[in-house]
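Data block for coords-v9.cif (mmCIF, C-alpha atoms):
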```
data_work
loop_
_atom_site.group_PDB
_atom_site.id
_atom_site.type_symbol
_atom_site.label_atom_id
_atom_site.label_comp_id
_atom_site.auth_asym_id
_atom_site.auth_seq_id
_atom_site.Cartn_x
_atom_site.Cartn_y
_atom_site.Cartn_z
ATOM 1 C CA MET A 1 120.314 106.199 56.022
ATOM 2 C CA LYS A 2 123.663 104.907 57.306
ATOM 3 C CA LYS A 3 123.637 107.542 60.045
ATOM 4 C CA ILE A 4 120.092 106.563 61.043
ATOM 5 C CA LEU A 5 121.065 102.888 61.262
ATOM 6 C CA ILE A 6 124.321 103.415 63.160
ATOM 7 C CA SER A 7 122.923 105.900 65.653
ATOM 8 C CA GLY A 8 119.829 103.698 66.029
ATOM 9 C CA LEU A 9 121.890 100.592 66.760
ATOM 10 C CA LEU A 10 124.184 102.405 69.198
ATOM 11 C CA THR A 11 121.183 103.893 70.976
ATOM 12 C CA GLY A 12 119.685 100.384 71.022
ATOM 13 C CA CYS A 13 122.786 98.990 72.752
ATOM 14 C CA ILE A 14 122.724 101.714 75.407
ATOM 15 C CA LEU A 15 118.973 101.337 75.943
ATOM 16 C CA PHE A 16 119.309 97.549 76.102
ATOM 17 C CA VAL A 17 121.743 97.790 79.002
ATOM 18 C CA LEU A 18 119.901 100.579 80.820
ATOM 19 C CA SER A 19 116.345 99.283 80.257
ATOM 20 C CA TYR A 20 116.890 95.660 81.113
ATOM 21 C CA GLY A 21 119.430 96.437 83.815
ATOM 22 C CA GLY A 22 116.907 98.829 85.354
ATOM 23 C CA LEU A 23 114.124 96.278 84.995
ATOM 24 C CA PHE A 24 116.264 93.547 86.579
ATOM 25 C CA LEU A 25 117.070 95.791 89.549
ATOM 26 C CA SER A 26 113.439 96.887 89.868
ATOM 27 C CA VAL A 27 112.252 93.262 89.994
ATOM 28 C CA ARG A 28 114.912 92.538 92.604
ATOM 29 C CA PHE A 29 114.291 95.523 94.855
ATOM 30 C CA PHE A 30 110.553 96.182 94.325
ATOM 31 C CA PRO A 31 109.162 92.660 93.877
ATOM 32 C CA ALA A 32 105.634 93.591 94.996
ATOM 33 C CA LEU A 33 105.253 95.869 91.957
ATOM 34 C CA PHE A 34 105.751 92.915 89.642
ATOM 35 C CA ALA A 35 103.427 90.389 91.302
ATOM 36 C CA GLU A 36 100.689 91.379 88.851
ATOM 37 C CA TYR A 37 102.706 90.012 85.955
ATOM 38 C CA ASN A 38 101.675 86.496 87.070
ATOM 39 C CA ASN A 39 98.860 86.873 84.625
ATOM 40 C CA PRO A 40 98.053 84.721 81.567
ATOM 41 C CA LEU A 41 97.993 87.900 79.452
ATOM 42 C CA PHE A 42 101.771 87.788 79.563
ATOM 43 C CA ASN A 43 103.653 85.165 77.618
ATOM 44 C CA SER A 44 104.867 82.514 80.026
ATOM 45 C CA ASP A 45 106.590 79.750 78.084
ATOM 46 C CA GLY A 46 109.640 81.749 77.018
ATOM 47 C CA ASN A 47 109.113 81.347 73.265
ATOM 48 C CA ARG A 48 109.028 85.131 72.752
ATOM 49 C CA ASP A 49 111.887 86.115 75.065
ATOM 50 C CA LEU A 50 114.125 87.051 72.117
ATOM 51 C CA LEU A 51 111.462 89.426 70.795
ATOM 52 C CA PHE A 52 111.137 90.936 74.263
ATOM 53 C CA TYR A 53 114.860 91.680 74.427
ATOM 54 C CA LEU A 54 114.951 93.017 70.844
ATOM 55 C CA HIS A 55 112.434 95.692 71.816
ATOM 56 C CA ALA A 56 115.200 98.168 72.710
ATOM 57 C CA PHE A 57 116.557 97.966 69.153
ATOM 58 C CA VAL A 58 113.166 98.200 67.422
ATOM 59 C CA PHE A 59 112.376 101.212 69.576
ATOM 60 C CA SER A 60 115.757 102.899 68.964
ATOM 61 C CA LEU A 61 115.748 102.378 65.203
ATOM 62 C CA ALA A 62 112.242 103.837 64.939
ATOM 63 C CA LEU A 63 113.189 106.830 67.081
ATOM 64 C CA SER A 64 116.438 107.260 65.134
ATOM 65 C CA TRP A 65 114.463 107.658 61.913
ATOM 66 C CA PHE A 66 112.040 110.055 63.644
ATOM 67 C CA TRP A 67 114.935 112.042 65.113
ATOM 68 C CA ASP A 68 116.712 112.374 61.753
ATOM 69 C CA ARG A 69 113.493 113.561 60.130
ATOM 70 C CA PHE A 70 112.431 116.083 62.803
ATOM 71 C CA LYS A 71 115.576 116.969 64.812
ATOM 72 C CA SER A 72 115.541 120.541 63.520
ATOM 73 C CA LEU A 73 112.409 121.121 65.640
ATOM 74 C CA PHE A 74 114.201 120.201 68.879
ATOM 75 C CA HIS A 75 116.338 122.989 70.365
ATOM 76 C CA GLY A 76 118.452 123.502 73.469
ATOM 77 C CA SER A 77 120.916 121.378 75.412
ATOM 78 C CA LEU A 78 121.231 117.596 75.024
ATOM 79 C CA LEU A 79 119.044 117.003 78.064
ATOM 80 C CA VAL A 80 116.344 119.447 76.932
ATOM 81 C CA ARG A 81 116.246 117.932 73.435
ATOM 82 C CA GLY A 82 116.090 114.437 74.966
ATOM 83 C CA LEU A 83 113.314 115.422 77.351
ATOM 84 C CA GLU A 84 111.347 117.010 74.509
ATOM 85 C CA LEU A 85 111.648 113.846 72.406
ATOM 86 C CA GLY A 86 110.556 111.830 75.444
ATOM 87 C CA LEU A 87 107.488 114.014 75.922
ATOM 88 C CA VAL A 88 106.579 113.952 72.209
ATOM 89 C CA TYR A 89 106.885 110.149 72.095
ATOM 90 C CA THR A 90 104.870 109.780 75.297
ATOM 91 C CA LEU A 91 102.048 112.025 74.086
ATOM 92 C CA VAL A 92 101.880 110.910 70.460
ATOM 93 C CA ALA A 93 102.604 107.178 70.733
ATOM 94 C CA LEU A 94 102.479 105.922 74.296
ATOM 95 C CA LEU A 95 99.437 107.627 75.759
ATOM 96 C CA PRO A 96 96.955 106.384 73.103
ATOM 97 C CA VAL A 97 98.423 102.859 73.240
ATOM 98 C CA MET A 98 98.271 102.776 77.036
ATOM 99 C CA TRP A 99 94.707 104.101 76.883
ATOM 100 C CA ILE A 100 93.556 101.311 74.578
ATOM 101 C CA SER A 101 95.548 98.733 76.573
ATOM 102 C CA PHE A 102 93.873 99.702 79.833
ATOM 103 C CA SER A 103 90.440 99.756 78.251
ATOM 104 C CA ALA A 104 90.788 96.393 76.491
ATOM 105 C CA LEU A 105 93.096 94.256 78.624
ATOM 106 C CA ASP A 106 92.807 92.904 82.141
ATOM 107 C CA VAL A 107 95.680 95.031 83.462
ATOM 108 C CA THR A 108 95.731 97.434 86.380
ATOM 109 C CA LEU A 109 96.096 101.207 86.264
ATOM 110 C CA VAL A 110 99.373 100.953 88.204
ATOM 111 C CA MET A 111 100.768 98.567 85.596
ATOM 112 C CA VAL A 112 99.761 100.831 82.686
ATOM 113 C CA PHE A 113 101.113 103.896 84.464
ATOM 114 C CA SER A 114 104.457 102.141 85.062
ATOM 115 C CA TRP A 115 104.671 101.345 81.315
ATOM 116 C CA LEU A 116 103.989 105.021 80.535
ATOM 117 C CA ILE A 117 106.791 106.188 82.832
ATOM 118 C CA TYR A 118 109.144 103.443 81.598
ATOM 119 C CA GLY A 119 108.519 104.454 77.971
ATOM 120 C CA PHE A 120 109.016 108.131 78.744
ATOM 121 C CA ILE A 121 112.370 107.433 80.431
ATOM 122 C CA GLN A 122 113.455 105.186 77.554
ATOM 123 C CA ALA A 123 112.532 107.820 74.934
ATOM 124 C CA THR A 124 114.269 110.578 76.904
ATOM 125 C CA ILE A 125 117.495 108.549 77.145
ATOM 126 C CA ALA A 126 117.205 107.720 73.433
ATOM 127 C CA GLY A 127 116.685 111.436 72.705
ATOM 128 C CA VAL A 128 119.825 112.450 74.611
ATOM 129 C CA VAL A 129 121.916 109.760 72.874
ATOM 130 C CA LEU A 130 120.503 110.599 69.432
ATOM 131 C CA ALA A 131 121.102 114.320 69.976
ATOM 132 C CA LEU A 132 124.727 113.445 70.794
ATOM 133 C CA LEU A 133 125.270 111.033 67.876
ATOM 134 C CA ASN A 134 123.207 112.843 65.230
ATOM 135 C CA PRO A 135 123.052 116.499 66.271
ATOM 136 C CA MET B 1 73.693 59.863 89.940
ATOM 137 C CA TYR B 2 75.250 59.404 93.398
ATOM 138 C CA ARG B 3 72.538 56.862 94.341
ATOM 139 C CA PHE B 4 73.499 54.709 91.395
ATOM 140 C CA GLU B 5 77.180 54.950 92.344
ATOM 141 C CA LEU B 6 76.419 54.040 95.972
ATOM 142 C CA LEU B 7 74.454 51.013 94.762
ATOM 143 C CA TRP B 8 77.413 50.008 92.611
ATOM 144 C CA ILE B 9 79.804 50.397 95.557
ATOM 145 C CA GLY B 10 77.459 48.291 97.697
ATOM 146 C CA LEU B 11 77.450 45.542 95.086
ATOM 147 C CA LEU B 12 81.232 45.574 94.934
ATOM 148 C CA LEU B 13 81.356 45.250 98.705
ATOM 149 C CA LEU B 14 79.181 42.173 98.636
ATOM 150 C CA LEU B 15 81.321 40.604 95.940
ATOM 151 C CA SER B 16 84.687 41.179 97.602
ATOM 152 C CA PRO B 17 84.600 40.469 101.338
ATOM 153 C CA GLY B 18 87.820 40.845 103.404
ATOM 154 C CA LYS B 19 88.783 44.134 101.894
ATOM 155 C CA ASP B 20 88.205 47.496 103.565
ATOM 156 C CA ARG B 21 86.624 50.119 101.404
ATOM 157 C CA TRP B 22 86.901 53.797 102.045
ATOM 158 C CA VAL B 23 84.759 56.430 100.409
ATOM 159 C CA ILE B 24 86.215 59.901 99.958
ATOM 160 C CA ALA B 25 84.089 62.732 101.355
ATOM 161 C CA ASP B 26 83.532 66.001 99.501
ATOM 162 C CA ALA B 27 85.217 67.968 102.302
ATOM 163 C CA SER B 28 88.580 66.690 101.048
ATOM 164 C CA ASN B 29 91.020 69.224 99.605
ATOM 165 C CA LEU B 30 94.384 69.686 97.962
ATOM 166 C CA VAL B 31 96.802 72.586 98.403
ATOM 167 C CA VAL B 32 99.777 73.442 96.192
ATOM 168 C CA ASN B 33 102.389 75.816 97.585
ATOM 169 C CA GLY B 34 105.008 77.336 95.330
ATOM 170 C CA SER B 35 107.125 80.420 94.852
ATOM 171 C CA THR B 36 108.485 82.762 92.235
ATOM 172 C CA ASN B 37 111.559 84.973 92.516
ATOM 173 C CA ILE B 38 109.226 87.777 93.682
ATOM 174 C CA ASN B 39 106.511 86.136 95.776
ATOM 175 C CA LYS B 40 104.962 82.949 97.136
ATOM 176 C CA PHE B 41 101.661 81.477 96.126
ATOM 177 C CA SER B 42 99.234 78.959 97.514
ATOM 178 C CA CYS B 43 96.574 77.386 95.354
ATOM 179 C CA GLU B 44 93.907 75.005 96.567
ATOM 180 C CA ILE B 45 91.164 72.761 95.365
ATOM 181 C CA PRO B 46 88.846 73.345 98.304
ATOM 182 C CA SER B 47 86.495 70.402 97.857
ATOM 183 C CA TYR B 48 86.170 67.103 96.073
ATOM 184 C CA ASP B 49 83.462 66.916 93.438
ATOM 185 C CA ARG B 50 83.331 63.157 92.817
ATOM 186 C CA LEU B 51 82.339 60.055 94.734
ATOM 187 C CA ASP B 52 85.382 57.805 94.673
ATOM 188 C CA THR B 53 86.452 54.859 96.786
ATOM 189 C CA LEU B 54 89.778 53.478 97.938
ATOM 190 C CA THR B 55 90.211 49.764 98.597
ATOM 191 C CA ILE B 56 92.733 48.703 101.211
ATOM 192 C CA THR B 57 93.959 45.095 101.279
ATOM 193 C CA ARG B 58 96.284 43.742 103.951
ATOM 194 C CA ASN B 59 99.574 42.573 102.516
ATOM 195 C CA GLY B 60 101.915 41.380 105.277
ATOM 196 C CA LYS B 61 102.943 44.382 107.380
ATOM 197 C CA GLY B 62 101.918 46.807 104.675
ATOM 198 C CA ALA B 63 98.820 47.240 102.595
ATOM 199 C CA LEU B 64 97.836 47.460 99.002
ATOM 200 C CA LEU B 65 95.732 50.427 98.125
ATOM 201 C CA SER B 66 93.719 50.825 95.024
ATOM 202 C CA GLY B 67 91.640 53.728 93.930
ATOM 203 C CA ASN B 68 91.895 56.830 91.887
ATOM 204 C CA VAL B 69 91.182 60.393 92.901
ATOM 205 C CA GLY B 70 90.491 62.748 89.997
ATOM 206 C CA LEU B 71 90.702 66.413 90.909
ATOM 207 C CA ASN B 72 89.226 69.144 88.760
ATOM 208 C CA VAL B 73 91.984 71.555 87.643
ATOM 209 C CA GLN B 74 89.281 74.169 87.022
ATOM 210 C CA SER B 75 88.619 74.131 90.796
ATOM 211 C CA PHE B 76 92.105 75.474 91.618
ATOM 212 C CA ASP B 77 91.867 78.750 93.493
ATOM 213 C CA CYS B 78 95.056 80.753 94.096
ATOM 214 C CA HIS B 79 93.153 83.558 95.905
ATOM 215 C CA ASN B 80 94.167 85.873 93.059
ATOM 216 C CA SER B 81 92.231 85.580 89.802
ATOM 217 C CA MET B 82 95.287 86.258 87.621
ATOM 218 C CA MET B 83 97.418 83.635 89.361
ATOM 219 C CA THR B 84 94.549 81.157 89.272
ATOM 220 C CA ARG B 85 94.206 81.540 85.506
ATOM 221 C CA ASP B 86 97.970 81.331 85.082
ATOM 222 C CA LEU B 87 98.196 78.057 87.032
ATOM 223 C CA ARG B 88 95.317 76.524 85.064
ATOM 224 C CA LYS B 89 97.008 77.568 81.831
ATOM 225 C CA THR B 90 100.342 76.099 82.969
ATOM 226 C CA LEU B 91 98.631 72.791 83.814
ATOM 227 C CA HIS B 92 97.007 72.753 80.332
ATOM 228 C CA GLN B 93 93.559 72.669 81.897
ATOM 229 C CA LYS B 94 91.775 72.714 78.532
ATOM 230 C CA GLU B 95 93.492 69.532 77.338
ATOM 231 C CA TYR B 96 93.773 67.857 80.746
ATOM 232 C CA PRO B 97 90.876 69.018 82.919
ATOM 233 C CA ARG B 98 91.664 66.620 85.785
ATOM 234 C CA LEU B 99 94.768 65.660 87.696
ATOM 235 C CA PHE B 100 94.755 62.144 89.081
ATOM 236 C CA ILE B 101 96.242 60.566 92.179
ATOM 237 C CA GLN B 102 96.208 56.792 91.930
ATOM 238 C CA PHE B 103 96.861 55.129 95.279
ATOM 239 C CA LEU B 104 99.006 51.994 95.115
ATOM 240 C CA SER B 105 100.319 50.942 98.520
ATOM 241 C CA LEU B 106 101.071 51.817 102.119
ATOM 242 C CA ASN B 107 104.261 50.646 103.809
ATOM 243 C CA GLU B 108 102.362 49.989 107.028
ATOM 244 C CA LEU B 109 98.760 49.328 107.855
ATOM 245 C CA PRO B 110 97.613 52.295 109.931
ATOM 246 C CA GLY B 111 96.040 51.776 113.328
ATOM 247 C CA LEU B 112 93.374 54.440 112.715
ATOM 248 C CA THR B 113 93.435 56.098 116.135
ATOM 249 C CA ALA B 114 93.027 59.732 117.140
ATOM 250 C CA LYS B 115 96.813 60.052 117.274
ATOM 251 C CA ALA B 116 98.178 60.649 113.797
ATOM 252 C CA GLN B 117 100.397 57.867 112.510
ATOM 253 C CA SER B 118 103.138 58.529 109.964
ATOM 254 C CA VAL B 119 103.334 56.126 107.043
ATOM 255 C CA THR B 120 104.571 56.294 103.508
ATOM 256 C CA GLY B 121 103.064 54.940 100.352
ATOM 257 C CA LEU B 122 103.338 54.827 96.619
ATOM 258 C CA VAL B 123 101.073 56.771 94.323
ATOM 259 C CA ASN B 124 100.917 57.527 90.648
ATOM 260 C CA ILE B 125 100.340 61.214 90.029
ATOM 261 C CA GLN B 126 99.055 62.149 86.599
ATOM 262 C CA LEU B 127 99.421 65.806 85.727
ATOM 263 C CA ALA B 128 98.880 67.261 82.257
ATOM 264 C CA GLY B 129 98.864 63.761 80.788
ATOM 265 C CA VAL B 130 102.197 62.680 82.344
ATOM 266 C CA THR B 131 102.199 60.013 85.055
ATOM 267 C CA LYS B 132 104.945 59.719 87.699
ATOM 268 C CA ARG B 133 105.228 57.104 90.430
ATOM 269 C CA LEU B 134 106.162 58.818 93.684
ATOM 270 C CA GLU B 135 106.533 57.998 97.349
ATOM 271 C CA VAL B 136 104.236 60.126 99.485
ATOM 272 C CA SER B 137 104.425 60.747 103.239
ATOM 273 C CA TYR B 138 101.105 60.411 105.048
ATOM 274 C CA GLN B 139 99.703 61.247 108.449
ATOM 275 C CA ILE B 140 96.705 59.029 109.120
ATOM 276 C CA SER B 141 94.290 59.425 111.979
ATOM 277 C CA ALA B 142 90.634 58.820 112.762
ATOM 278 C CA ASP B 143 88.361 61.115 114.721
ATOM 279 C CA ALA B 144 85.506 60.326 117.138
ATOM 280 C CA ASP B 145 83.110 60.543 114.213
ATOM 281 C CA ARG B 146 84.986 57.565 112.648
ATOM 282 C CA THR B 147 86.140 59.777 109.791
ATOM 283 C CA ILE B 148 89.623 58.834 108.631
ATOM 284 C CA HIS B 149 91.929 61.755 107.886
ATOM 285 C CA LEU B 150 94.593 60.981 105.308
ATOM 286 C CA LEU B 151 97.066 63.855 105.010
ATOM 287 C CA GLY B 152 99.554 63.420 102.192
ATOM 288 C CA PHE B 153 102.667 65.527 101.558
ATOM 289 C CA LYS B 154 104.898 65.517 98.521
ATOM 290 C CA THR B 155 107.325 67.896 96.859
ATOM 291 C CA ILE B 156 107.111 67.687 93.090
ATOM 292 C CA LYS B 157 108.604 69.612 90.202
ATOM 293 C CA PHE B 158 106.901 71.145 87.177
ATOM 294 C CA THR B 159 109.626 69.661 85.008
ATOM 295 C CA ASP B 160 108.936 66.120 86.328
ATOM 296 C CA PHE B 161 105.677 66.359 84.404
ATOM 297 C CA ASN B 162 107.170 68.033 81.305
ATOM 298 C CA LEU B 163 105.592 71.317 82.374
ATOM 299 C CA VAL B 164 107.429 74.582 81.923
ATOM 300 C CA PRO B 165 107.373 76.721 85.097
ATOM 301 C CA PRO B 166 105.856 80.053 84.043
ATOM 302 C CA SER B 167 108.244 82.942 83.511
ATOM 303 C CA LYS B 168 107.403 86.509 82.542
ATOM 304 C CA LEU B 169 109.165 89.564 81.138
ATOM 305 C CA GLY B 170 111.804 87.578 79.309
ATOM 306 C CA GLY B 171 112.535 85.392 82.325
ATOM 307 C CA MET B 172 112.965 88.246 84.817
ATOM 308 C CA ILE B 173 110.035 86.874 86.812
ATOM 309 C CA LYS B 174 110.455 83.132 87.234
ATOM 310 C CA THR B 175 108.370 80.528 88.969
ATOM 311 C CA ASN B 176 110.536 78.086 90.899
ATOM 312 C CA ASP B 177 110.340 74.523 89.672
ATOM 313 C CA GLU B 178 109.467 73.003 93.064
ATOM 314 C CA LEU B 179 105.918 72.736 94.380
ATOM 315 C CA THR B 180 104.774 71.328 97.695
ATOM 316 C CA VAL B 181 101.562 69.395 97.375
ATOM 317 C CA THR B 182 99.460 68.660 100.441
ATOM 318 C CA PHE B 183 96.189 66.811 100.256
ATOM 319 C CA HIS B 184 93.720 66.066 102.995
ATOM 320 C CA LEU B 185 91.278 63.281 102.259
ATOM 321 C CA ARG B 186 88.392 62.794 104.641
ATOM 322 C CA ILE B 187 87.359 59.187 104.337
ATOM 323 C CA ARG B 188 84.536 57.061 105.668
ATOM 324 C CA THR B 189 84.739 53.300 105.909
ATOM 325 C CA ILE B 190 81.889 51.578 104.061
#
```

Represent the structure from my file as C-alpha cells, please.
Amino acid sequence: MKKILISGLLTGCILFVLSYGGLFLSVRFFPALFAEYNNPLFNSDGNRDLLFYLHAFVFSLALSWFWDRFKSLFHGSLLVRGLELGLVYTLVALLPVMWISFSALDVTLVMVFSWLIYGFIQATIAGVVLALLNP
Amino acid sequence: MYRFELLWIGLLLLLSPGKDRWVIADASNLVVNGSTNINKFSCEIPSYDRLDTLTITRNGKGALLSGNVGLNVQSFDCHNSMMTRDLRKTLHQKEYPRLFIQFLSLNELPGLTAKAQSVTGLVNIQLAGVTKRLEVSYQISADADRTIHLLGFKTIKFTDFNLVPPSKLGGMIKTNDELTVTFHLRIRTI
C-alpha cells in the first residue's frame, strides 16, 4: 500500500509538471486549437481550478494501484511497458468515456481526439515512471 | 403596442414644450469587442427591440439628456454559438436579461450636421444588476434623411461590474478584463 501511495504521488508530481507545462506551452504556441474552450460547458468562474490541477494526482494514484495489481502482465523495457499501459488505459478507460462525451456533449471531434491523445501520452509517461519506481 | 406608446410619447410632447425628443430607431446596435489570451472576439446586439425616447434639454453650453435604453442580453451574437452562450452566461442573462444605458448629459449641444461632431457625456451603465456612472465619447451627426447618428465609445471592465472574466482550463485560457463597447443609435426627432 505504501509503495502504491509513494509511487503514485511521485508519478503525480512528474505528470503535474509535464501535463500542465505541456498544456501551457500548447495554449501559447497553438492558440487556435484552444478557441473552442470558450464554451459554457467548461467551468469559467475558477471555483474548480484546484480540482483541475489535482487531476494529475488522482490519475497517478489510480494508475499506481492498477500497475501494482497487474504489472506482472507488462513485459519488456521501461518504454515498452509504459506504452503498453498507455494503450491499455486508452482502450479500456479513455475510448468509452470519449465516445460518450462526444455523443452527449456539445464538443467537437477535434477536441475529443485531443483529449484521447493527451490521455494516452499521460498514461504512457505514468507507465514508464511506475515501471521505474515499482518494477 | 407601439401605437399606444407613440400616443403616450405624443401626449408627453404636448405637455412639455421646449424640450427636444428623440426616438430611437430599431436599426440601432451595440458592439462589444474583447480578447482572450488566445483570440479576439466581437459580439453585437444587431438591432433594438424597444421603442424608447431620449429627451434633450438645453443647459447653458451643454445639455441634459434623459432616457433609458434597455438592450436584450439574449440578442448578443458573437458569431460563434459557443462564445455567444458563454458571454450570456458571464453577464448572468437569466437573472439580468437586459443591460441598460441611462443617458444623463452632454458636455456640448451638438449642431446636428452631416459632419460628425465629437462630444462627451455622462451615462449610467447597468450590467448584471450593477450600475456605474461613466463618461462616454460620442460622435454625433445627422444625415440628409434627418436621422441623427449617435455613436458612443467606451472601454469598460468586467470587474467594474463585479463580473468575473471567464477563464478556462484552470486559468490557462483567460478573457482579458477590458472590453470596448461601441453603440450606434439611429434617432429621429419627434

Chain A residues near chain B (12 Å cut-off, all atoms listed in the file) as number ranges by chain: A: 20-55, 106-108

Test item: the PyMOL selection byres ((chain A and resi 94-103) around 9) resolved as a list in words: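 With the PyMOL selection byres ((chain A and resi 94-103) around 9) on this model, the match is Tyr89, Thr90, Leu91, Val92, Ala93, Ala104, Leu105, Asp106, Val107, Thr108, Leu109, Val112, Phe113, Trp115, Leu116, Gly119 and Phe120 of chain A.
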
Which residue of B:Thr147, B:Gln93, B:Asn72, B:Thr189 approaches Ala27 in chain B most closely, using only C-alpha atoms: B:Thr147

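Residue selection for this entry, given the PyMOL selection byres ((chain B and resi 183-187) around 6), comprises Trp22, Val23, Ile24, Ala25, Ser28, Asn29, Leu30, Thr147, Ile148, His149, Leu150, Leu151, Gly152, Thr182 and Arg188 of chain B.
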
Between CA of Leu109 in chain B and CA of Ser47 in chain B, distance in Å (one decimal): 26.4 Å

Could you model N, CA and C atoms for range 115-128 of chain A and present them as a compact mmCIF listing (two decimals), in the frame of the given file?
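Result file follows (selection39.txt):
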```
# COMPACT_ATOMS: atom_id res chain seq x y z
N TRP A 115 104.21 101.45 82.71
CA TRP A 115 104.67 101.34 81.32
C TRP A 115 104.85 102.73 80.71
N LEU A 116 103.92 103.65 81.06
CA LEU A 116 103.99 105.02 80.54
C LEU A 116 105.28 105.70 80.99
N ILE A 117 105.58 105.57 82.27
CA ILE A 117 106.79 106.19 82.83
C ILE A 117 108.05 105.53 82.24
N TYR A 118 108.00 104.20 82.15
CA TYR A 118 109.14 103.44 81.60
C TYR A 118 109.43 103.90 80.16
N GLY A 119 108.37 104.03 79.37
CA GLY A 119 108.52 104.45 77.97
C GLY A 119 109.04 105.88 77.87
N PHE A 120 108.56 106.74 78.75
CA PHE A 120 109.02 108.13 78.74
C PHE A 120 110.51 108.19 79.06
N ILE A 121 110.95 107.44 80.07
CA ILE A 121 112.37 107.43 80.43
C ILE A 121 113.21 106.86 79.29
N GLN A 122 112.73 105.79 78.69
CA GLN A 122 113.46 105.19 77.55
C GLN A 122 113.61 106.20 76.41
N ALA A 123 112.51 106.88 76.06
CA ALA A 123 112.53 107.82 74.93
C ALA A 123 113.41 109.03 75.26
N THR A 124 113.43 109.44 76.51
CA THR A 124 114.27 110.58 76.90
C THR A 124 115.75 110.20 76.77
N ILE A 125 116.10 109.02 77.27
CA ILE A 125 117.50 108.55 77.14
C ILE A 125 117.86 108.43 75.66
N ALA A 126 116.95 107.86 74.87
CA ALA A 126 117.20 107.72 73.43
C ALA A 126 117.40 109.11 72.81
N GLY A 127 116.59 110.07 73.24
CA GLY A 127 116.68 111.44 72.70
C GLY A 127 118.04 112.06 73.00
N VAL A 128 118.52 111.89 74.22
CA VAL A 128 119.82 112.45 74.61
C VAL A 128 120.93 111.80 73.77
```
